[in-house]
Structures are given as structure tokens and as C-alpha cells.
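K.L.:
Quick one: this structure, given as C-alpha cells, is what I'll be asking you about.
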Amino acid sequence: MERTLQPGRLTRSLGWTVICFLVLPILVIFPVSVTDRRFLSMPQHGISFEHYANLFTSPEWLGSIGQSLVIGIVSAAIAVTAGTLCAIGCWRLSSRAGEIVRAVMLVPIVVPTIVYAIGIYRFWVDLRLLDTYTGVILVHSVTGIPYVVITVSTALAGFDARLEQAARSLGASVPQTLWRVLLPSILPGVVSGAIFAFIQSWDELVIVLFIASRAIFTLPRRIWDGINEHLDPTMAAVAAILILLSALLLVLDLAIRRRREG
Amino acid sequence: MTADRRTSWIMIAPALVLVAVLFFAPLARVLVISVTEPSFGLGNYAMLFTSASIQRTLLTTLRICVFTTAITLVLAYLVAYVLTHARPAAQRLMLLGVLLPLWMSVLVRAFAWVTLLRREGLFNKALEALGLIDHPLSLMWNETGVTIGMVHYMLPLGILPLWAAMRDIDGRVLAAARGLGAGPVRTFLRVFLPLSLPGVIGSGLLVFIFSLGFFITPAILGGGKTIMVAEYIDTQIQESLRWGVGTMIASTLIAAIFLLMFVLGRIVDLRTLFGAK
């Protein structure tokens, strides 16, 4: 295959141009975040870290980062527990019912967030969960479950079912088998799912715009307000840190995947 | 039910209950509100045919989604093609360039485009410095800006399924075509392209579906001037408090997306698309 339809020089450079279009606009944030001026621009006379200093001394930004971390970690934990159990359950059923459950679990990914946001808003009005940690964490857990089901199901596809049967026939109970035999071998998929679940909560804006207002003001919400109201270089500093964080999580995920394959 | 099956269902239960109660029930509620507020009936849906502002929004949305999908597909095909044929080292680097933006927060990416495209943005400044323009170009708060931002968001989502489809093409078929005397162009047009077509349709529909209900990037780069359907729903509910209209459009959007998913499911195996298989 490699040699039969080798793309020419022109095709290859066009392909790499598209990659540049994908990556360069993101990288441009870094020089802007160390600008020595008071507005979004390239550094003029030298670089300055004052915008990072602003960020780390601002109680608003730090408060939002803290809230987003708490919400992200707790909801990822719930999503991973429920999602992993669900994926294992579907896999053990290995029947049409299991397939259907798995398909149903994927629906939240294709439903536009705005549609779900208005539905859950009305629900939370009734249950008085608007603008509470519980409200946001529950919603982010539910929207994180599909990602965990996907990654764990993929990991399970590569697991030999006879190992589970062997453990059971040697006298291990169901919880023992899950914990000692199944879980260790699908762990990369579980960790990958946890990363995805955390990121979708950490980045989520649309639902939060509806179900939170003052008490809960997550990081995406503060960035959103910043973009709409005052575009200052502190925003670039925040963006730069977030880019590094995503890159770190991506590398972590790739490393986990490589170990799974290797 | 055997004990083993019961255990499996007990494991499935927590996630299923959470998703049913906290996802599907609120979603059903949206449908119900659309036919009960302000009064029972299909009155809200009649507005699809009578309201000029709704029709304008739907047309804008369709136009932007069609352009976004078309541009994304051409660029994604190019990248997937080069990716399929690249040497391992180049392939890894290229893949990193695809995955990196995919993992970035959509807000951060929209913010990056604001920095570049606004009137005092880096792009206009650079063009002015080079003496290419006298007045700054309007690159955002219009459909151009929205489309640029959306293509940037959708590209990785278009590239990955296309790449998966191209990897599955049997190289021996191509070699056979060449062996039988077809030139590279003919082999591409008559063999490779048709074989990659399911991937093209699958990834195109996927990009189109995600574009339809996209909120953040169009809202930021459209600046309230170019309004797509998700932002329209948002204003109806947050500002005008017209729940009936907002939920009606939301329900229509859901119906359109489920219909497209159904079509998509007929063409490709959805589980491979979502990586669940």
C-alpha cells in the first residue's frame, strides 16, 4: 500500500499546511501571553510575565480554577465508577440487550449541549439544585459516562473472557474476579476514560451557563465572561496554561495507550 | 434470569438510571414543553413556517454548516491521505498535530481566533505592517469568522474517521490496478476514491451533525451578528423567556440530528466511528 499511491510533493506540503492551520493559531497564544503591553498583542520591547502574576494573585481566577478542579475530579470519579461498571455489565451480557444499552449510552454525545442544558435547567429549578455543587457535579457525571463507556468497552474488547471464567471456577467471587483479574487488565481504558471525563467537565461551558450563576463560577464561565467583556492579556495567560495542561493530558493518554498495545 | 445475568444488570443499573433520569427525562421534558407552553398544541411548530427570524436563523445555520462540512471534508481528505501514506515518524508527528487541537478547550481555541482575527488582531496588524492592506479586514463577527473557527474545530473530527477508512483499503487492490496498466491518477480516481467514499460520507455527516448544534465558537466569532440555531435557542430562553419557541427549535434540532444519525447508521458502523469497537 505504502508505495502504490505515494502522494506527490505538492499533496504532502498541502497536507502539512493544513496541520499548520490546526496548530499555529493555538501556539500564537504563547507569545501573546508574555506581551509587555496592556492589550492583546505580540511583545514589543521585551517579554513580561506580569499577566501570569495577575492571574495567580487574582482571587476570582484562582477561585474559579479551584471550583472547576473540585467539580471535575468528583464528577470524573462518579462517571468512571458508573461507566466502568456499565461497560463491564454490557460486556458480560454479551447479548443484544448489552449492545442496545451501550448504544443508548452514546446518545448524550450527539445531542447538542444547548438542548440538554435547557432541559436540565427546568429539572434543577424544580429540585432547587440551581447554582449548587451537587447540581453541576451530577450533570457533569452524567455527561462524562459515555466517554468512559467507550474507552472501557474498547479495552474489554481485547480482554480474554476465559480468564474471568477461570478465576470464577477456581473459587473467586464476582467482586474478587472483577477487582483482581478484570480491572488490572482493563486499567488503561479506565484511566483513559477518567481523563476524558475530567476534561469534558473541566471544559464544559454551555450547561454551566444555564444551571449556575454566582455561587458556582467555573473556569470556562470566567473565560467566557472575559472574552465577551474585557479582552486583556490575563486571558492569554490562562489560555496558555490550559493549552499546556491539555497537551500534558494528551501525552499521558498516548503513553497509557502505548503501554496497553505494547 | 440466571444469577450471572442478574449480576451484569446490577452493574449496568447505576449508569443506566443516572443517564435515564438525568439525561433522557430532561430531554423528554424539552419535547413536552414545546407542545404545552404557552398553550397546548402545535402552535410553536407553526412558527417554523411563519416566523421570518426563525427561518433566517435556520438558513444561516444550514449555509454555514454546509460550507463548514465541505471545506472540512476537502482539507480532512488531504490530511488523511498524506497521513495514510506517511512514514511512521512523519505519521506520528502529523497525528500529534491532529490530536493536539482535538484535546484543546473549545473556548481557548475560539479565544485564539479572536486574538488573530479581530480588527486590531494579529492578522490585520501583520497585513498592515506588510503594506498589503490600508484598512483592517472584517474577519470576524460575520460568517467568514464563524466558518474559519468551525472548520478549525471540526477538522480533527473529520480527519480521524477518514484516516480509519483509508487504512482499511486493501493495498493489493491498488497494486492490481497499477499492474493492469492504470496510471496513478486513474488508480486514485477509479479505485482509491470510490473505496474511501463510505469514509467520506461518514465523516461528512458526523461533522455536519456536530456543526448543526454548535454553540460556543459561532457565538464568540459571530459576535451576535451572525446567529446560528444554538445561540438563537439560548436568546429565546435566557433573554426573551420564550420557552415554547426555544424548546420547539431544540426539538426540531434533535429530530434532524436523529434522522441524520439514522442515515449515518445505515452507511457506516457507528461503533467503529465512536471507537467502541
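Identifiers in this document derive from the order of the C-alpha cells: chains are assigned A, B, ..., residues are numbered from 1 separately in each chain, and ligands are numbered from 1 in order of occurrence.
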Running DSSP on the backbone, which parts of stretch 108-187 of chain A land in helix (DSSP H, G or I), as number ranges by chain?
P.N.:
A: 108-110, 113-127, 133-157, 161-169, 174-187
K.L.:
What is the atom CA of B:Phe67 to atom CA of A:Ala117 distance in Å?
P.N.:
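Atom CA of A:Ala117 lies at a distance of 26.9 Å from atom CA of B:Phe67.
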K.L.:
Skip A:Val251 itself and residues of its chain fewer than 5 positions away, then list as a PyMOL selection string all residues within 12 Å of it, counting only C-alpha atoms.
P.N.:
(chain A and resi 192+195+244-246+256-258) or (chain B and resi 96+99-100+103)
K.L.:
Just need the residues of chain B within 7 Å of chain A, counting only C-alpha atoms, so spit them out as JSON, numbers by chain.
P.N.:
{"B": [5, 8, 9, 11, 12, 14, 15, 18, 19, 22, 26, 27, 29, 30, 75, 78, 79, 82, 85, 97, 98, 100, 101, 103, 104, 105, 108, 109, 111, 112, 113, 115, 122, 152, 171, 172, 174, 175, 184, 213, 214, 230, 250, 254, 275, 276, 277]}
K.L.:
Convert the current residue selection to file output with N, CA and C atoms, as a compact mmCIF listing (two decimals), in the first residue's frame.
P.N.:
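part21.txt, written as the output of this step:
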```txt
# COMPACT_ATOMS: atom_id res chain seq x y z
N ARG B 5 -26.47 -13.26 34.88
CA ARG B 5 -27.10 -12.16 34.14
C ARG B 5 -27.58 -11.09 35.10
N SER B 8 -24.80 -8.89 36.06
CA SER B 8 -24.48 -7.96 34.97
C SER B 8 -25.42 -6.78 34.97
N TRP B 9 -26.71 -7.06 35.14
CA TRP B 9 -27.69 -5.95 35.12
C TRP B 9 -27.51 -5.04 36.33
N MET B 11 -24.72 -4.34 37.63
CA MET B 11 -23.58 -3.48 37.30
C MET B 11 -23.98 -2.37 36.33
N ILE B 12 -24.89 -2.69 35.42
CA ILE B 12 -25.33 -1.70 34.44
C ILE B 12 -26.22 -0.64 35.08
N PRO B 14 -26.58 1.42 37.82
CA PRO B 14 -26.33 2.81 38.24
C PRO B 14 -26.18 3.78 37.06
N ALA B 15 -25.37 3.40 36.07
CA ALA B 15 -25.16 4.29 34.93
C ALA B 15 -26.46 4.48 34.15
N LEU B 18 -28.81 6.76 36.08
CA LEU B 18 -28.32 8.14 36.02
C LEU B 18 -28.63 8.77 34.67
N VAL B 19 -28.29 8.05 33.60
CA VAL B 19 -28.49 8.61 32.26
C VAL B 19 -29.98 8.73 31.93
N LEU B 22 -31.35 11.59 34.55
CA LEU B 22 -30.75 12.92 34.47
C LEU B 22 -30.41 13.34 33.05
N PRO B 26 -34.92 14.84 31.24
CA PRO B 26 -34.92 16.27 30.91
C PRO B 26 -35.08 16.53 29.41
N LEU B 27 -34.53 15.62 28.61
CA LEU B 27 -34.64 15.78 27.16
C LEU B 27 -36.10 15.62 26.73
N ARG B 29 -38.59 16.21 28.57
CA ARG B 29 -39.27 17.39 29.08
C ARG B 29 -39.22 18.52 28.06
N VAL B 30 -38.09 18.66 27.36
CA VAL B 30 -37.97 19.69 26.33
C VAL B 30 -39.04 19.49 25.26
N LEU B 75 -10.20 19.43 3.21
CA LEU B 75 -8.94 19.50 3.96
C LEU B 75 -8.66 18.20 4.70
N LEU B 78 -7.38 15.47 2.41
CA LEU B 78 -5.97 15.73 2.09
C LEU B 78 -5.06 15.22 3.21
N VAL B 79 -5.39 15.63 4.45
CA VAL B 79 -4.56 15.23 5.59
C VAL B 79 -4.60 13.72 5.77
N VAL B 82 -2.42 12.00 3.15
CA VAL B 82 -0.99 12.12 3.42
C VAL B 82 -0.62 11.27 4.63
N HIS B 85 -0.21 7.57 3.94
CA HIS B 85 0.96 7.18 3.17
C HIS B 85 2.28 7.63 3.79
N GLY B 97 -0.29 16.63 15.55
CA GLY B 97 -0.87 17.89 15.09
C GLY B 97 -2.38 17.83 14.96
N VAL B 98 -2.92 16.62 14.76
CA VAL B 98 -4.38 16.46 14.68
C VAL B 98 -4.98 16.33 16.07
N LEU B 100 -3.67 17.27 19.07
CA LEU B 100 -3.45 18.40 19.98
C LEU B 100 -4.66 19.35 19.98
N PRO B 101 -5.09 19.86 18.81
CA PRO B 101 -6.25 20.73 18.82
C PRO B 101 -7.52 20.02 19.31
N TRP B 103 -7.79 18.02 21.64
CA TRP B 103 -7.81 17.98 23.11
C TRP B 103 -7.92 19.36 23.74
N MET B 104 -7.77 20.41 22.92
CA MET B 104 -7.81 21.77 23.48
C MET B 104 -9.23 22.18 23.79
N SER B 105 -9.38 22.95 24.84
CA SER B 105 -10.67 23.51 25.18
C SER B 105 -11.19 24.33 24.01
N VAL B 108 -10.70 28.03 24.51
CA VAL B 108 -9.34 28.50 24.27
C VAL B 108 -9.11 28.67 22.77
N ARG B 109 -9.64 27.72 21.99
CA ARG B 109 -9.44 27.80 20.55
C ARG B 109 -10.19 28.99 19.96
N PHE B 111 -10.87 31.67 21.58
CA PHE B 111 -10.13 32.84 22.05
C PHE B 111 -8.91 33.10 21.16
N ALA B 112 -8.22 32.02 20.78
CA ALA B 112 -7.06 32.17 19.90
C ALA B 112 -7.48 32.83 18.58
N TRP B 113 -8.63 32.41 18.05
CA TRP B 113 -9.08 33.00 16.78
C TRP B 113 -9.48 34.46 16.95
N THR B 115 -8.05 36.55 19.03
CA THR B 115 -6.77 37.26 19.06
C THR B 115 -6.25 37.50 17.64
N LEU B 122 -3.89 40.18 15.36
CA LEU B 122 -2.55 39.94 14.85
C LEU B 122 -2.52 39.83 13.33
N HIS B 152 -11.82 24.87 11.92
CA HIS B 152 -10.71 24.55 12.81
C HIS B 152 -11.14 23.54 13.88
N GLY B 171 -4.25 -2.56 0.06
CA GLY B 171 -3.21 -2.08 -0.86
C GLY B 171 -3.06 -2.94 -2.10
N ARG B 172 -3.42 -4.23 -1.98
CA ARG B 172 -3.24 -5.13 -3.13
C ARG B 172 -4.17 -4.75 -4.29
N LEU B 174 -4.97 -1.73 -5.09
CA LEU B 174 -4.32 -0.62 -5.79
C LEU B 174 -3.17 -1.13 -6.65
N ALA B 175 -2.41 -2.04 -6.07
CA ALA B 175 -1.29 -2.62 -6.82
C ALA B 175 -1.81 -3.32 -8.07
N PRO B 184 -1.29 6.51 -12.00
CA PRO B 184 -1.61 6.87 -10.63
C PRO B 184 -2.92 7.66 -10.52
N GLY B 213 -25.56 21.89 15.92
CA GLY B 213 -25.93 22.36 17.25
C GLY B 213 -24.81 23.07 17.97
N PHE B 214 -23.80 23.51 17.23
CA PHE B 214 -22.61 24.10 17.83
C PHE B 214 -22.92 25.48 18.41
N ALA B 230 -28.19 27.28 17.72
CA ALA B 230 -27.97 27.07 19.15
C ALA B 230 -28.02 28.39 19.91
N ALA B 250 -35.32 23.53 19.65
CA ALA B 250 -34.46 22.49 20.19
C ALA B 250 -34.97 21.11 19.76
N ILE B 254 -33.12 18.27 17.46
CA ILE B 254 -32.94 16.88 17.87
C ILE B 254 -33.48 15.94 16.79
N GLY B 275 -15.33 4.52 18.10
CA GLY B 275 -14.23 3.79 18.72
C GLY B 275 -14.65 2.79 19.77
N ALA B 276 -15.95 2.40 19.78
CA ALA B 276 -16.40 1.45 20.80
C ALA B 276 -16.19 0.02 20.33
N LYS B 277 -15.57 -0.14 19.20
CA LYS B 277 -15.41 -1.50 18.68
C LYS B 277 -13.96 -1.75 18.27
```
K.L.:
What does the structure give for the distance between atom CA of A:Gly193 and atom CA of A:Arg180, in Å to one decimal?
P.N.:
19.6 Å
K.L.:
Could you give me, as a list in words, the residues within 12 Å of A:Arg259, counting only C-alpha atoms and dropping anything in the same chain fewer than 5 positions from it?
P.N.:
Ser185, Ile186, Leu187, Pro188, Gly189, Ser192, Leu252, Asp253 and Leu254 of chain A
K.L.:
Go ahead and write the selection's residues with C-alpha atoms as a CSV table (one decimal), in the first residue's frame.
P.N.:
```csv
chain,number,residue,atom,x,y,z
A,185,SER,CA,-6.1,-5.7,32.6
A,186,ILE,CA,-8.5,-3.0,31.5
A,187,LEU,CA,-7.0,-0.3,33.7
A,188,PRO,CA,-5.5,1.7,30.8
A,189,GLY,CA,-9.0,2.0,29.4
A,192,SER,CA,-8.2,7.0,29.7
A,252,LEU,CA,-0.3,11.0,29.3
A,253,ASP,CA,-3.2,9.3,27.4
A,254,LEU,CA,-0.9,8.4,24.5
```
K.L.:
Report, in Å with one decimal, the straight-line distance from atom CA of A:Val191 to atom CA of A:Ala76.
P.N.:
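For atom CA of A:Val191 relative to atom CA of A:Ala76, the distance reads 10.4 Å.
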K.L.:
If we count only C-alpha atoms and set the cut-off at 9 Å, which residues sit around B:Leu58, ignoring sequence neighbours fewer than 5 positions away in its own chain? Please answer as a list in words.
P.N.:
Ser53, Arg63, Met228 and Val229 of chain B
K.L.:
Can I get the selected residues back with all heavy atoms, as an mmCIF file, in the first residue's frame?
P.N.:
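To be explicit, this is the file written out as result26.cif:
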```
data_model
loop_
_atom_site.group_PDB
_atom_site.id
_atom_site.type_symbol
_atom_site.label_atom_id
_atom_site.label_comp_id
_atom_site.auth_asym_id
_atom_site.auth_seq_id
_atom_site.Cartn_x
_atom_site.Cartn_y
_atom_site.Cartn_z
ATOM 1 N N SER B 53 -37.694 35.533 11.420
ATOM 2 C CA SER B 53 -36.404 35.483 12.124
ATOM 3 C C SER B 53 -35.958 34.037 12.321
ATOM 4 O O SER B 53 -34.773 33.718 12.216
ATOM 5 C CB SER B 53 -36.478 36.232 13.451
ATOM 6 O OG SER B 53 -37.178 35.486 14.405
ATOM 7 N N ARG B 63 -26.493 27.201 5.842
ATOM 8 C CA ARG B 63 -25.441 27.666 4.934
ATOM 9 C C ARG B 63 -24.068 27.463 5.568
ATOM 10 O O ARG B 63 -23.156 26.902 4.960
ATOM 11 C CB ARG B 63 -25.685 29.141 4.607
ATOM 12 C CG ARG B 63 -24.836 29.679 3.484
ATOM 13 C CD ARG B 63 -25.340 31.036 3.020
ATOM 14 N NE ARG B 63 -25.490 31.971 4.114
ATOM 15 C CZ ARG B 63 -26.636 32.608 4.406
ATOM 16 N NH1 ARG B 63 -27.710 32.405 3.678
ATOM 17 N NH2 ARG B 63 -26.692 33.446 5.420
ATOM 18 N N MET B 228 -26.455 31.488 14.811
ATOM 19 C CA MET B 228 -26.824 30.132 14.429
ATOM 20 C C MET B 228 -27.854 29.599 15.410
ATOM 21 O O MET B 228 -28.139 30.211 16.431
ATOM 22 C CB MET B 228 -25.587 29.244 14.373
ATOM 23 C CG MET B 228 -24.780 29.485 13.108
ATOM 24 S SD MET B 228 -23.293 28.503 13.036
ATOM 25 C CE MET B 228 -23.943 26.838 12.971
ATOM 26 N N VAL B 229 -28.390 28.424 15.086
ATOM 27 C CA VAL B 229 -29.576 27.961 15.785
ATOM 28 C C VAL B 229 -29.370 27.784 17.296
ATOM 29 O O VAL B 229 -30.234 28.157 18.095
ATOM 30 C CB VAL B 229 -30.130 26.685 15.093
ATOM 31 C CG1 VAL B 229 -29.227 25.508 15.275
ATOM 32 C CG2 VAL B 229 -31.524 26.376 15.560
#
```
K.L.:
Taking into account only C-alpha atoms, which residue in the set B:Leu117, B:Asp168, B:Ile257, B:Phe188 is nearest to B:Phe210?
P.N.:
B:Ile257
K.L.:
Per residue of stretch 131-200 of chain A within 12 Å of stretch 53-67 of chain A, which atom pair is closest and at what distance in Å (one decimal), using only C-alpha atoms, listed by chain and increasing number, as a tab-separated table?
P.N.:
```
residue	atom	partner	partner_atom	distance
A:Thr132	CA	A:Gln67	CA	11.1
A:Tyr133	CA	A:Gln67	CA	8.7
A:Val136	CA	A:Gln67	CA	10.6
A:Ile137	CA	A:Gln67	CA	10.7
```
